[in-house]
Structure formats: C-alpha cells, structure tokens
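Here's model_36.cif, which has mmCIF, C-alpha atoms and all ligand atoms:
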data_upload
loop_
_atom_site.group_PDB
_atom_site.id
_atom_site.type_symbol
_atom_site.label_atom_id
_atom_site.label_comp_id
_atom_site.auth_asym_id
_atom_site.auth_seq_id
_atom_site.Cartn_x
_atom_site.Cartn_y
_atom_site.Cartn_z
ATOM 1 C CA MET B 48 0.000 0.000 0.000
ATOM 2 C CA ARG B 49 2.884 2.325 0.792
ATOM 3 C CA ASP B 50 4.377 1.809 -2.657
ATOM 4 C CA ALA B 51 0.993 2.213 -4.341
ATOM 5 C CA LEU B 52 0.539 5.619 -2.694
ATOM 6 C CA HIS B 53 3.574 6.950 -4.558
ATOM 7 C CA GLU B 54 1.596 6.584 -7.792
ATOM 8 C CA PRO B 55 -2.055 7.238 -6.959
ATOM 9 C CA ALA B 56 -3.061 7.531 -10.636
ATOM 10 C CA LYS B 57 -1.809 4.000 -11.294
ATOM 11 C CA LEU B 58 -3.627 2.711 -8.216
ATOM 12 C CA VAL B 59 -6.860 4.215 -9.518
ATOM 13 C CA ALA B 60 -6.375 2.799 -13.016
ATOM 14 C CA GLU B 61 -5.961 -0.663 -11.505
ATOM 15 C CA SER B 62 -8.886 -0.528 -9.091
ATOM 16 C CA SER B 63 -11.657 1.855 -10.082
ATOM 17 C CA ILE B 64 -13.665 -0.600 -12.219
ATOM 18 C CA ALA B 65 -13.607 -3.161 -9.398
ATOM 19 C CA VAL B 66 -14.773 -0.468 -6.943
ATOM 20 C CA ARG B 67 -17.666 0.540 -9.182
ATOM 21 C CA ASP B 68 -18.725 -3.086 -9.660
ATOM 22 C CA ALA B 69 -18.471 -3.853 -5.938
ATOM 23 C CA TYR B 70 -20.543 -0.778 -5.044
ATOM 24 C CA GLN B 71 -23.322 -1.726 -7.462
ATOM 25 C CA GLU B 72 -23.307 -5.322 -6.308
ATOM 26 C CA SER B 73 -23.447 -4.538 -2.586
ATOM 27 C CA THR B 74 -25.906 -1.631 -2.697
ATOM 28 C CA GLY B 75 -27.975 -2.460 -5.784
ATOM 29 C CA GLN B 76 -27.587 1.180 -6.781
ATOM 30 C CA SER B 77 -25.983 2.679 -9.839
ATOM 31 C CA PHE B 78 -22.496 4.009 -9.373
ATOM 32 C CA GLU B 79 -23.155 6.551 -12.123
ATOM 33 C CA ALA B 80 -25.969 8.017 -10.020
ATOM 34 C CA LEU B 81 -23.686 8.293 -6.989
ATOM 35 C CA SER B 82 -20.999 9.920 -9.099
ATOM 36 C CA ALA B 83 -23.424 12.387 -10.692
ATOM 37 C CA SER B 84 -24.936 13.362 -7.342
ATOM 38 C CA LEU B 85 -21.491 14.047 -5.907
ATOM 39 C CA TRP B 86 -20.711 16.934 -8.243
ATOM 40 C CA VAL B 87 -23.842 18.885 -7.349
ATOM 41 C CA ALA B 88 -23.941 18.204 -3.587
ATOM 42 C CA PRO B 89 -22.291 20.378 -0.922
ATOM 43 C CA PHE B 90 -20.844 17.234 0.597
ATOM 44 C CA VAL B 91 -21.087 13.478 0.389
ATOM 45 C CA MET B 92 -20.454 11.241 3.374
ATOM 46 C CA LEU B 93 -19.120 7.787 2.548
ATOM 47 C CA PRO B 94 -19.795 6.092 5.885
ATOM 48 C CA GLN B 95 -17.621 3.236 7.130
ATOM 49 C CA VAL B 96 -15.714 2.659 3.903
ATOM 50 C CA PHE B 97 -12.566 1.411 5.584
ATOM 51 C CA THR B 98 -11.542 -0.298 8.807
ATOM 52 C CA PRO B 99 -8.907 1.750 10.539
ATOM 53 C CA GLY B 100 -6.663 -1.080 11.699
ATOM 54 C CA GLN B 101 -3.643 -0.652 13.888
ATOM 55 C CA LEU B 102 -2.755 2.976 14.621
ATOM 56 C CA PRO B 103 0.064 4.599 16.575
ATOM 57 C CA GLU B 104 -0.542 7.541 18.925
ATOM 58 C CA THR B 105 -2.063 10.552 17.248
ATOM 59 C CA PRO B 106 0.715 12.664 15.667
ATOM 60 C CA GLN B 107 1.248 16.242 16.844
ATOM 61 C CA GLY B 108 1.773 18.000 13.543
ATOM 62 C CA PHE B 109 0.585 18.102 9.916
ATOM 63 C CA LEU B 110 3.485 15.836 8.940
ATOM 64 C CA PRO B 111 4.578 13.119 8.736
ATOM 65 C CA VAL B 112 1.674 10.721 8.344
ATOM 66 C CA PRO B 113 3.050 7.568 10.003
ATOM 67 C CA ASP B 114 3.076 4.447 7.837
ATOM 68 C CA ALA B 115 0.828 2.254 9.998
ATOM 69 C CA GLU B 116 -1.800 -0.192 8.768
ATOM 70 C CA GLY B 117 -4.630 2.156 9.741
ATOM 71 C CA THR B 118 -3.315 5.215 7.914
ATOM 72 C CA LEU B 119 -2.358 3.215 4.821
ATOM 73 C CA VAL B 120 -5.849 1.708 4.541
ATOM 74 C CA ALA B 121 -7.373 5.160 5.039
ATOM 75 C CA ARG B 122 -5.186 6.724 2.355
ATOM 76 C CA VAL B 123 -5.621 3.981 -0.219
ATOM 77 C CA SER B 124 -9.405 4.093 0.373
ATOM 78 C CA ALA B 125 -9.498 7.842 -0.230
ATOM 79 C CA VAL B 126 -7.455 7.622 -3.428
ATOM 80 C CA VAL B 127 -9.518 4.749 -4.793
ATOM 81 C CA ALA B 128 -12.869 6.282 -3.837
ATOM 82 C CA MET B 129 -12.064 9.627 -5.439
ATOM 83 C CA GLY B 130 -10.582 7.927 -8.483
ATOM 84 C CA ALA B 131 -13.722 5.890 -9.046
ATOM 85 C CA LEU B 132 -15.761 9.092 -8.702
ATOM 86 C CA GLY B 133 -13.765 10.761 -11.487
ATOM 87 C CA MET B 134 -11.080 12.799 -9.822
ATOM 88 C CA GLU B 135 -7.418 12.570 -9.117
ATOM 89 C CA THR B 136 -5.955 12.769 -5.613
ATOM 90 C CA VAL B 137 -3.578 15.744 -5.632
ATOM 91 C CA SER B 138 -1.426 17.964 -3.451
ATOM 92 C CA TYR B 139 0.107 21.413 -3.970
ATOM 93 C CA GLY B 140 3.864 21.861 -3.789
ATOM 94 C CA SER B 141 3.484 25.004 -1.680
ATOM 95 C CA GLU B 142 1.431 23.410 1.087
ATOM 96 C CA ASN B 143 3.029 21.076 3.653
ATOM 97 C CA ASP B 144 5.922 20.231 1.293
ATOM 98 C CA GLY B 145 3.519 18.810 -1.269
ATOM 99 C CA ALA B 146 2.527 15.875 0.935
ATOM 100 C CA LEU B 147 -0.448 13.995 -0.531
ATOM 101 C CA PHE B 148 -2.004 13.513 2.909
ATOM 102 C CA VAL B 149 -1.655 15.557 6.081
ATOM 103 C CA ASN B 150 -2.771 14.966 9.664
ATOM 104 C CA LEU B 151 -5.511 17.262 10.936
ATOM 105 C CA VAL B 152 -4.779 17.031 14.644
ATOM 106 C CA VAL B 153 -4.264 19.193 17.695
ATOM 107 C CA ILE B 154 -0.762 20.527 17.142
ATOM 108 C CA ALA B 155 1.605 20.452 20.096
ATOM 109 C CA GLY B 156 3.306 23.565 21.436
ATOM 110 C CA GLU B 157 2.452 27.254 21.456
ATOM 111 C CA GLY B 158 2.000 29.908 18.840
ATOM 112 C CA ARG B 159 -0.466 30.746 16.137
ATOM 113 C CA ILE B 160 -0.594 27.432 14.255
ATOM 114 C CA ALA B 161 -0.832 25.396 17.484
ATOM 115 C CA ASP B 162 -3.592 27.639 18.876
ATOM 116 C CA LYS B 163 -5.445 27.512 15.587
ATOM 117 C CA SER B 164 -5.368 23.708 15.544
ATOM 118 C CA LYS B 165 -7.438 23.622 18.774
ATOM 119 C CA GLY B 166 -10.052 26.243 18.070
ATOM 120 C CA ALA B 167 -13.160 26.276 15.930
ATOM 121 C CA MET B 168 -12.485 27.183 12.316
ATOM 122 C CA ARG B 169 -14.743 29.483 10.370
ATOM 123 C CA GLY B 170 -15.967 28.436 6.972
ATOM 124 C CA HIS B 171 -13.606 28.627 4.018
ATOM 125 C CA THR B 172 -12.698 26.967 0.764
ATOM 126 C CA ASP B 173 -9.203 25.530 0.447
ATOM 127 C CA ALA B 174 -6.437 26.991 -1.766
ATOM 128 C CA VAL B 175 -8.563 30.126 -1.982
ATOM 129 C CA THR B 176 -6.215 32.179 -4.218
ATOM 130 C CA PHE B 177 -5.862 29.505 -6.891
ATOM 131 C CA PRO B 178 -8.149 29.790 -9.929
ATOM 132 C CA PHE B 179 -11.487 28.064 -10.290
ATOM 133 C CA ARG B 180 -11.154 25.020 -12.522
ATOM 134 C CA GLY B 181 -11.535 26.227 -16.111
ATOM 135 C CA GLN B 182 -9.957 29.631 -15.439
ATOM 136 C CA LEU B 183 -6.328 30.729 -15.531
ATOM 137 C CA ASP B 184 -4.524 32.868 -13.007
ATOM 138 C CA ALA B 185 -4.206 36.434 -14.346
ATOM 139 C CA CYS B 186 -0.416 36.571 -13.901
ATOM 140 C CA ASN B 187 0.824 32.983 -14.100
ATOM 141 C CA SER B 188 -0.961 30.387 -16.246
ATOM 142 C CA ASP B 189 0.972 27.594 -14.515
ATOM 143 C CA ILE B 190 -0.933 28.087 -11.248
ATOM 144 C CA ALA B 191 -3.111 24.979 -10.936
ATOM 145 C CA PRO B 192 -6.804 25.242 -10.039
ATOM 146 C CA SER B 193 -7.941 24.907 -6.447
ATOM 147 C CA PRO B 194 -9.310 21.446 -5.579
ATOM 148 C CA ASP B 195 -12.849 20.363 -6.442
ATOM 149 C CA PHE B 196 -13.096 18.366 -3.222
ATOM 150 C CA VAL B 197 -11.544 18.300 0.221
ATOM 151 C CA CYS B 198 -11.371 14.686 1.372
ATOM 152 C CA LEU B 199 -11.407 13.930 5.100
ATOM 153 C CA SER B 200 -10.729 10.381 6.289
ATOM 154 C CA GLY B 201 -11.606 9.753 9.936
ATOM 155 C CA LEU B 202 -9.087 7.896 12.108
ATOM 156 C CA ARG B 203 -10.020 9.088 15.620
ATOM 157 C CA ASN B 204 -12.677 11.411 16.963
ATOM 158 C CA PRO B 205 -13.312 10.453 20.602
ATOM 159 C CA ASP B 206 -15.240 13.634 21.448
ATOM 160 C CA GLY B 207 -17.336 13.619 18.297
ATOM 161 C CA VAL B 208 -15.996 16.977 17.109
ATOM 162 C CA ARG B 209 -18.200 18.194 14.297
ATOM 163 C CA THR B 210 -17.018 19.223 10.857
ATOM 164 C CA THR B 211 -19.102 22.143 9.677
ATOM 165 C CA VAL B 212 -20.252 22.627 6.105
ATOM 166 C CA VAL B 213 -21.892 25.738 4.688
ATOM 167 C CA PRO B 214 -23.871 24.855 1.537
ATOM 168 C CA MET B 215 -23.809 27.683 -1.002
ATOM 169 C CA SER B 216 -27.343 26.881 -2.154
ATOM 170 C CA ASP B 217 -28.633 27.888 1.305
ATOM 171 C CA VAL B 218 -26.435 30.969 1.564
ATOM 172 C CA LEU B 219 -27.331 32.287 -1.892
ATOM 173 C CA ALA B 220 -31.031 31.768 -1.269
ATOM 174 C CA ALA B 221 -30.714 34.006 1.796
ATOM 175 C CA LEU B 222 -28.964 36.863 -0.017
ATOM 176 C CA SER B 223 -30.492 39.643 -2.071
ATOM 177 C CA ALA B 224 -29.960 39.610 -5.846
ATOM 178 C CA GLU B 225 -27.957 42.832 -5.504
ATOM 179 C CA HIS B 226 -25.561 41.266 -3.015
ATOM 180 C CA VAL B 227 -25.116 38.178 -5.180
ATOM 181 C CA ASP B 228 -24.351 40.402 -8.188
ATOM 182 C CA GLU B 229 -21.702 42.294 -6.214
ATOM 183 C CA LEU B 230 -20.053 39.020 -5.158
ATOM 184 C CA LYS B 231 -19.769 37.986 -8.826
ATOM 185 C CA LYS B 232 -17.812 41.125 -9.755
ATOM 186 C CA GLN B 233 -14.026 41.073 -9.988
ATOM 187 C CA GLN B 234 -13.470 43.489 -7.138
ATOM 188 C CA PHE B 235 -12.154 41.536 -4.152
ATOM 189 C CA ASP B 236 -8.547 41.134 -3.099
ATOM 190 C CA ILE B 237 -7.835 37.625 -1.881
ATOM 191 C CA ARG B 238 -4.834 36.805 0.288
ATOM 192 C CA SER B 239 -3.344 33.382 0.758
ATOM 193 C CA GLN B 240 -4.104 30.969 3.559
ATOM 194 C CA LYS B 241 -1.337 30.606 6.123
ATOM 195 C CA THR B 242 -0.469 26.985 5.347
ATOM 196 C CA PHE B 243 0.529 27.957 1.787
ATOM 197 C CA ILE B 244 2.620 31.062 2.461
ATOM 198 C CA PRO B 245 6.056 29.587 3.343
ATOM 199 C CA GLY B 246 5.897 27.275 0.305
ATOM 200 C CA MET B 247 4.750 30.083 -1.994
ATOM 201 C CA ASN B 248 7.659 32.236 -0.872
ATOM 202 C CA LEU B 249 9.996 29.377 -1.683
ATOM 203 C CA ILE B 250 8.489 28.422 -5.057
ATOM 204 C CA LEU B 251 7.170 31.749 -6.389
ATOM 205 C CA GLY B 252 9.391 34.153 -4.459
ATOM 206 C CA SER B 253 6.337 35.778 -2.874
ATOM 207 C CA GLU B 254 2.902 35.047 -1.486
ATOM 208 C CA HIS B 255 0.326 34.349 -4.182
ATOM 209 C CA GLY B 256 -2.729 36.561 -4.103
ATOM 210 C CA ILE B 257 -5.509 37.933 -6.278
ATOM 211 C CA ASP B 258 -6.144 41.607 -6.900
ATOM 212 C CA GLY B 259 -9.666 42.183 -8.102
ATOM 213 C CA GLY B 260 -11.189 38.724 -8.190
ATOM 214 C CA GLU B 261 -14.743 37.423 -7.859
ATOM 215 C CA ILE B 262 -16.030 35.402 -4.903
ATOM 216 C CA LEU B 263 -18.855 33.739 -6.821
ATOM 217 C CA LEU B 264 -18.705 32.383 -10.360
ATOM 218 C CA ASP B 265 -21.493 30.914 -12.471
ATOM 219 C CA VAL B 266 -20.393 27.640 -14.037
ATOM 220 C CA GLY B 267 -22.919 25.553 -15.933
ATOM 221 C CA GLY B 268 -26.051 25.591 -13.803
ATOM 222 C CA GLU B 269 -24.167 26.069 -10.524
ATOM 223 C CA THR B 270 -22.673 29.008 -8.664
ATOM 224 C CA TRP B 271 -19.172 28.239 -7.435
ATOM 225 C CA VAL B 272 -17.548 29.929 -4.467
ATOM 226 C CA ARG B 273 -14.089 30.686 -3.157
ATOM 227 C CA TYR B 274 -13.946 32.258 0.255
ATOM 228 C CA SER B 275 -12.085 32.537 3.505
ATOM 229 C CA HIS B 276 -13.213 35.011 6.145
ATOM 230 C CA SER B 277 -9.684 36.127 6.954
ATOM 231 C CA SER B 278 -8.441 36.273 3.349
ATOM 232 C CA ILE B 279 -10.918 38.575 1.607
ATOM 233 C CA ARG B 280 -10.042 42.275 1.481
ATOM 234 C CA VAL B 281 -12.344 44.984 0.211
ATOM 235 C CA ASP B 282 -12.036 48.701 0.858
ATOM 236 C CA GLU B 283 -15.187 49.973 2.557
ATOM 237 C CA ASP B 284 -14.669 53.580 1.404
ATOM 238 C CA GLU B 285 -13.785 52.779 -2.187
ATOM 239 C CA LYS B 286 -16.280 49.958 -2.732
ATOM 240 C CA PRO B 287 -19.115 50.281 -0.235
ATOM 241 C CA ALA B 288 -21.492 48.020 -2.176
ATOM 242 C CA ALA B 289 -18.881 45.253 -2.392
ATOM 243 C CA ALA B 290 -18.045 45.580 1.313
ATOM 244 C CA GLU B 291 -21.726 45.409 2.213
ATOM 245 C CA ALA B 292 -22.229 42.321 0.065
ATOM 246 C CA ASN B 293 -19.185 40.689 1.660
ATOM 247 C CA ALA B 294 -20.552 41.389 5.148
ATOM 248 C CA ALA B 295 -23.969 40.033 4.194
ATOM 249 C CA PHE B 296 -22.327 36.933 2.756
ATOM 250 C CA ALA B 297 -20.284 36.305 5.922
ATOM 251 C CA ALA B 298 -23.391 36.735 8.082
ATOM 252 C CA ALA B 299 -25.425 34.370 5.889
ATOM 253 C CA CYS B 300 -22.652 31.754 6.113
ATOM 254 C CA LEU B 301 -22.839 31.826 9.912
ATOM 255 C CA GLN B 302 -26.581 31.247 9.745
ATOM 256 C CA HIS B 303 -26.502 28.355 7.304
ATOM 257 C CA CYS B 304 -24.007 25.968 8.845
ATOM 258 C CA THR B 305 -24.743 22.325 8.908
ATOM 259 C CA SER B 306 -22.432 19.823 10.536
ATOM 260 C CA VAL B 307 -21.412 16.213 10.439
ATOM 261 C CA VAL B 308 -19.236 13.999 12.635
ATOM 262 C CA VAL B 309 -16.441 12.232 10.780
ATOM 263 C CA GLU B 310 -16.120 8.925 12.640
ATOM 264 C CA PRO B 311 -13.228 6.488 12.302
ATOM 265 C CA GLY B 312 -13.686 4.678 8.979
ATOM 266 C CA ASP B 313 -15.745 7.477 7.394
ATOM 267 C CA ILE B 314 -14.676 9.469 4.360
ATOM 268 C CA LEU B 315 -16.263 12.891 3.981
ATOM 269 C CA LEU B 316 -15.986 14.562 0.590
ATOM 270 C CA VAL B 317 -16.665 18.290 0.904
ATOM 271 C CA ASN B 318 -17.352 20.077 -2.356
ATOM 272 C CA ASN B 319 -14.831 22.929 -2.473
ATOM 273 C CA ARG B 320 -16.901 24.783 -5.132
ATOM 274 C CA LEU B 321 -20.382 24.462 -3.635
ATOM 275 C CA ALA B 322 -19.680 24.722 0.100
ATOM 276 C CA LEU B 323 -17.410 26.191 2.719
ATOM 277 C CA HIS B 324 -16.047 23.946 5.440
ATOM 278 C CA GLY B 325 -14.775 24.473 8.968
ATOM 279 C CA ARG B 326 -15.040 22.715 12.299
ATOM 280 C CA GLY B 327 -16.161 23.034 15.887
ATOM 281 C CA ASP B 328 -13.897 23.555 18.869
ATOM 282 C CA VAL B 329 -11.425 20.662 19.206
ATOM 283 C CA GLY B 330 -9.694 21.650 22.443
ATOM 284 C CA GLY B 331 -7.881 19.140 24.584
ATOM 285 C CA GLU B 332 -4.347 17.848 24.510
ATOM 286 C CA ALA B 333 -2.226 16.856 21.549
ATOM 287 C CA GLY B 334 -1.148 13.278 20.899
ATOM 288 C CA GLY B 335 -2.481 10.164 22.646
ATOM 289 C CA GLU B 336 -5.881 9.108 21.352
ATOM 290 C CA SER B 337 -6.932 12.629 20.338
ATOM 291 C CA ARG B 338 -8.823 13.563 17.176
ATOM 292 C CA TRP B 339 -7.078 12.534 13.972
ATOM 293 C CA ILE B 340 -8.317 13.075 10.455
ATOM 294 C CA LEU B 341 -6.305 12.662 7.260
ATOM 295 C CA ARG B 342 -6.883 15.322 4.636
ATOM 296 C CA THR B 343 -6.229 15.273 0.930
ATOM 297 C CA TYR B 344 -7.631 16.951 -2.181
ATOM 298 C CA GLY B 345 -9.526 15.733 -5.236
ATOM 299 C CA LEU B 346 -9.546 17.460 -8.614
ATOM 300 C CA ASP B 347 -10.905 16.685 -12.048
ATOM 301 C CA THR B 348 -7.576 16.992 -13.862
ATOM 302 C CA THR B 349 -8.751 16.263 -17.393
ATOM 303 C CA GLU B 350 -8.006 19.845 -18.480
ATOM 304 C CA LEU B 351 -4.887 20.460 -16.435
ATOM 305 C CA THR B 352 -1.949 21.785 -18.482
ATOM 306 C CA LYS B 353 1.521 20.290 -18.338
ATOM 307 C CA GLY B 354 2.919 23.326 -16.544
ATOM 308 C CA GLN B 355 0.339 23.056 -13.774
ATOM 309 C CA ARG B 356 1.825 19.898 -12.292
ATOM 310 C CA TYR B 357 5.233 18.639 -11.331
ATOM 311 C CA SER B 358 6.616 15.630 -13.161
ATOM 312 C CA LYS B 359 7.865 14.126 -9.898
ATOM 313 C CA PRO B 360 5.783 13.308 -8.028
ATOM 314 C CA GLY B 361 3.017 13.363 -10.646
ATOM 315 C CA TYR B 362 0.265 14.020 -8.074
ATOM 316 C CA MET B 363 1.820 17.323 -6.954
ATOM 317 C CA LEU B 364 0.400 20.459 -8.549
ATOM 318 C CA PHE B 365 2.082 23.813 -9.096
ATOM 319 C CA PRO B 366 2.817 25.772 -7.048
HETATM 320 FE FE FE D 1 -9.772 23.720 4.922
#
Could you write out this structure as structure tokens?
Ligand SMILES: [Fe+2]
Amino acid sequence: MRDALHEPAKLVAESSIAVRDAYQESTGQSFEALSASLWVAPFVMLPQVFTPGQLPETPQGFLPVPDAEGTLVARVSAVVAMGALGMETVSYGSENDGALFVNLVVIAGEGRIADKSKGAMRGHTDAVTFPFRGQLDACNSDIAPSPDFVCLSGLRNPDGVRTTVVPMSDVLAALSAEHVDELKKQQFDIRSQKTFIPGMNLILGSEHGIDGGEILLDVGGETWVRYSHSSIRVDEDEKPAAAEANAAFAAACLQHCTSVVVEPGDILLVNNRLALHGRGDVGGEAGGESRWILRTYGLDTTELTKGQRYSKPGYMLFP
C-alpha cells in the first residue's frame, strides 16, 4: 500500500472498475448516479468505507503521516474512492511540502498554528487564491486550479468533534440579488491561507494573491464559491457596495451551517466549489488518542496543463 501511494493515478487505473462493480453489487444502486450526485452536492459522506486497523498515537503535527496499517488503509481508500468518482488525488507543492495527505490534529506547542489547531475554524474553501477550474490565473498560467473536493478520512474522533459545512445553495437563497451580483464582480482582493505562504515564498518568491477577483462564479447551472473570512479584502470607502455584500455573505454563512461527525472509517468529501467547510472547537491535549483526520484533495484533472503539475511526483500540482 505504501508503494501504491507513490503513484495514486496508477492505483486508480488498476482498481476503479472493481470499486464501481463492488458498489453496485453490494448496494444495488448505480455508481453513475452516486458519481453524478457528488458533483452537485455540498458534501457526500461515505460512511464506514474502511476499517482503521492498527494505529500509533495521534501525531502532533501536519506531517509526517506515520506508515501504519490504519493510515495506509485510510489513504488507499481515499485515493480509490475519489478515483472511481472521477477525480485525481492531488497535493500542492506550496502546502506542507507537497505531501499527498496531512494529519488534521491538535498541534503540540504554542504559537499561532498550534492555537489555531485547537479552536473552531470558520468556513472557508481551500487553496482560496488559486483559480477556479476552467480559469487561468491572471499573472501565471501555470498556477493549478484549487481542488474540487476536500477529502477527510476519519481515524479518531473520541469527542465527536463536528465538521461544519456551509452549503452555497442555502447561503445564496438568503442573499439579495444585488448582493449576489456584487459578489460575482471582480473586485475583491484575496490573500493566501497561512499553510501555503512559506511554500509560496519558496516556489514563487512571494505570497500568491488575487487583486480584483470574484467570490462567486457561475459555471454551468451552478454558482461556485471561493472564500475565507480572513483572506478577503475589500475597501469599505472605495467599494461600499462590495463591502456590504461581503458582510452580508459572511453573516449568511454563519446562519446556514450544517455539521457532520467524521467517525473512524468514514470518508467525507466536501465540495470545495459548492460549500465552505470548517469545524467546531477541538480543544484538549495533543497526541495520545486525540482527534485525527487525514486530509487530501480531489480534482478533475482532465483539463490540467503540463505546466500546472510537477513531473515528480506526478500528483503534486504547481505551485
Ligand atoms: Fe480547509
């Protein structure tokens, strides 16, 4: 399993037909229907899709993910599930050294990152400054799109900490047409999320950001979102209508949270276009038997350009 995880695309090619067949056989339902529903849902819970076997103590940082039976089964399950559903499991070179999976755990020690790992996290999409799939970055066409899905595999959650999801369909229904129109205009500055900044400095020479971007984008019949409360900048004096729409959006997000508990063995796929995600207060001590979720990303890579991914490893996207 450890070797297979070095080449997730190969693993998917070898297993996805068997996964589809097994799903249809055991549930009597069409895999196509499951796959189609996934792309228009704010999230899909795949309950009890793996048995988290033997696990060491919960790690105390994003990396490394220890090579134990339980984490290997969790990782292979995530790669295979997303592959069967039509997306590739990917990482970004600028985040956590391009690791395909990271531990979401209470981080030991003091300081901003450690404090943040314990507290509740407001809703956001991941890789918020990267383009929507189908668009190119205004300054650098090699910047890969943000992920379509954030994949959370549950290893431990003794206190039943809830993962929050904010479905865009609910938020947009609560906003006025004027506010929605403002959010679709290219008038918001978007700063990078903290986990990406050291890597961006290394790879790009500076933090990646967007000057004058949209928060909402109509794609097909859906409205896609990119958002992070702490990353959006809009000047209240220069653009009062945009600032008001941003405030209304943030308030609507707080009012339309739903939540789900990711239990050991569960895989939660959160749509990174149609929902924000966050979590409740984790609290407690690091290590031991504390909460432990593995996170990775899924992306439909059929239209990715050569420059948007590294050749080695092939799952790592630029930057
Ligand atoms: Fe996130």
Give me the residues near region 193-204 of chain B as number ranges by chain, where near means some atom within 9 Å (using only C-alpha atoms) and where sequence neighbours in that chain fewer than 4 positions away do not count.
B: 86, 90, 99, 102, 105, 117-118, 121-122, 124-125, 129, 134, 137-138, 151, 172-180, 208, 308-320, 324, 336-347
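Closest approach to ligand FE 1 (chain D) from the set B:Gln76, B:Thr210, B:Ser306, B:Gln71 is made by B:Thr210, with distances taken over only C-alpha atoms and all ligand atoms.
With only C-alpha atoms and all ligand atoms as the atoms that count, the residue of B:Ser62, B:Ser164, B:Thr98, B:Ser358 with the shortest distance to ligand FE 1 (chain D) is B:Ser164.
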Around the point (-30.3, 28.6, -3.7), in the coordinates given by the file, pick out the residues reaching within 12 Å, counting only C-alpha atoms, and return them as a PyMOL selection string.
chain B and resi 89+214-224+227+268-271+303+321-322
What would the selection look like, as a PyMOL selection string, if the PyMOL selection byres (((chain B and resi 114) around 12) and not hetatm) were run on the coordinates I just shared?
chain B and resi 48-50+52+100-103+106+110-113+115-123+148
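Each of B:Met247, B:Ala333, B:Met168, B:Ile257 was compared to ligand FE 1 (chain D) using all atoms listed in the file, and B:Met168 turns out to be the nearest.
Going from CA of Ala65 (chain B) to CA of Thr352 (chain B) covers 29.0 Å.
Atom pair CA of Ser82 (chain B) / CA of Ile64 (chain B) has a distance of 13.2 Å (rounded to one decimal).
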Pick from B:Val59, B:Ala167, B:Leu230, B:Ile237 nearest to Ala290 (chain B), counting only C-alpha atoms
B:Leu230
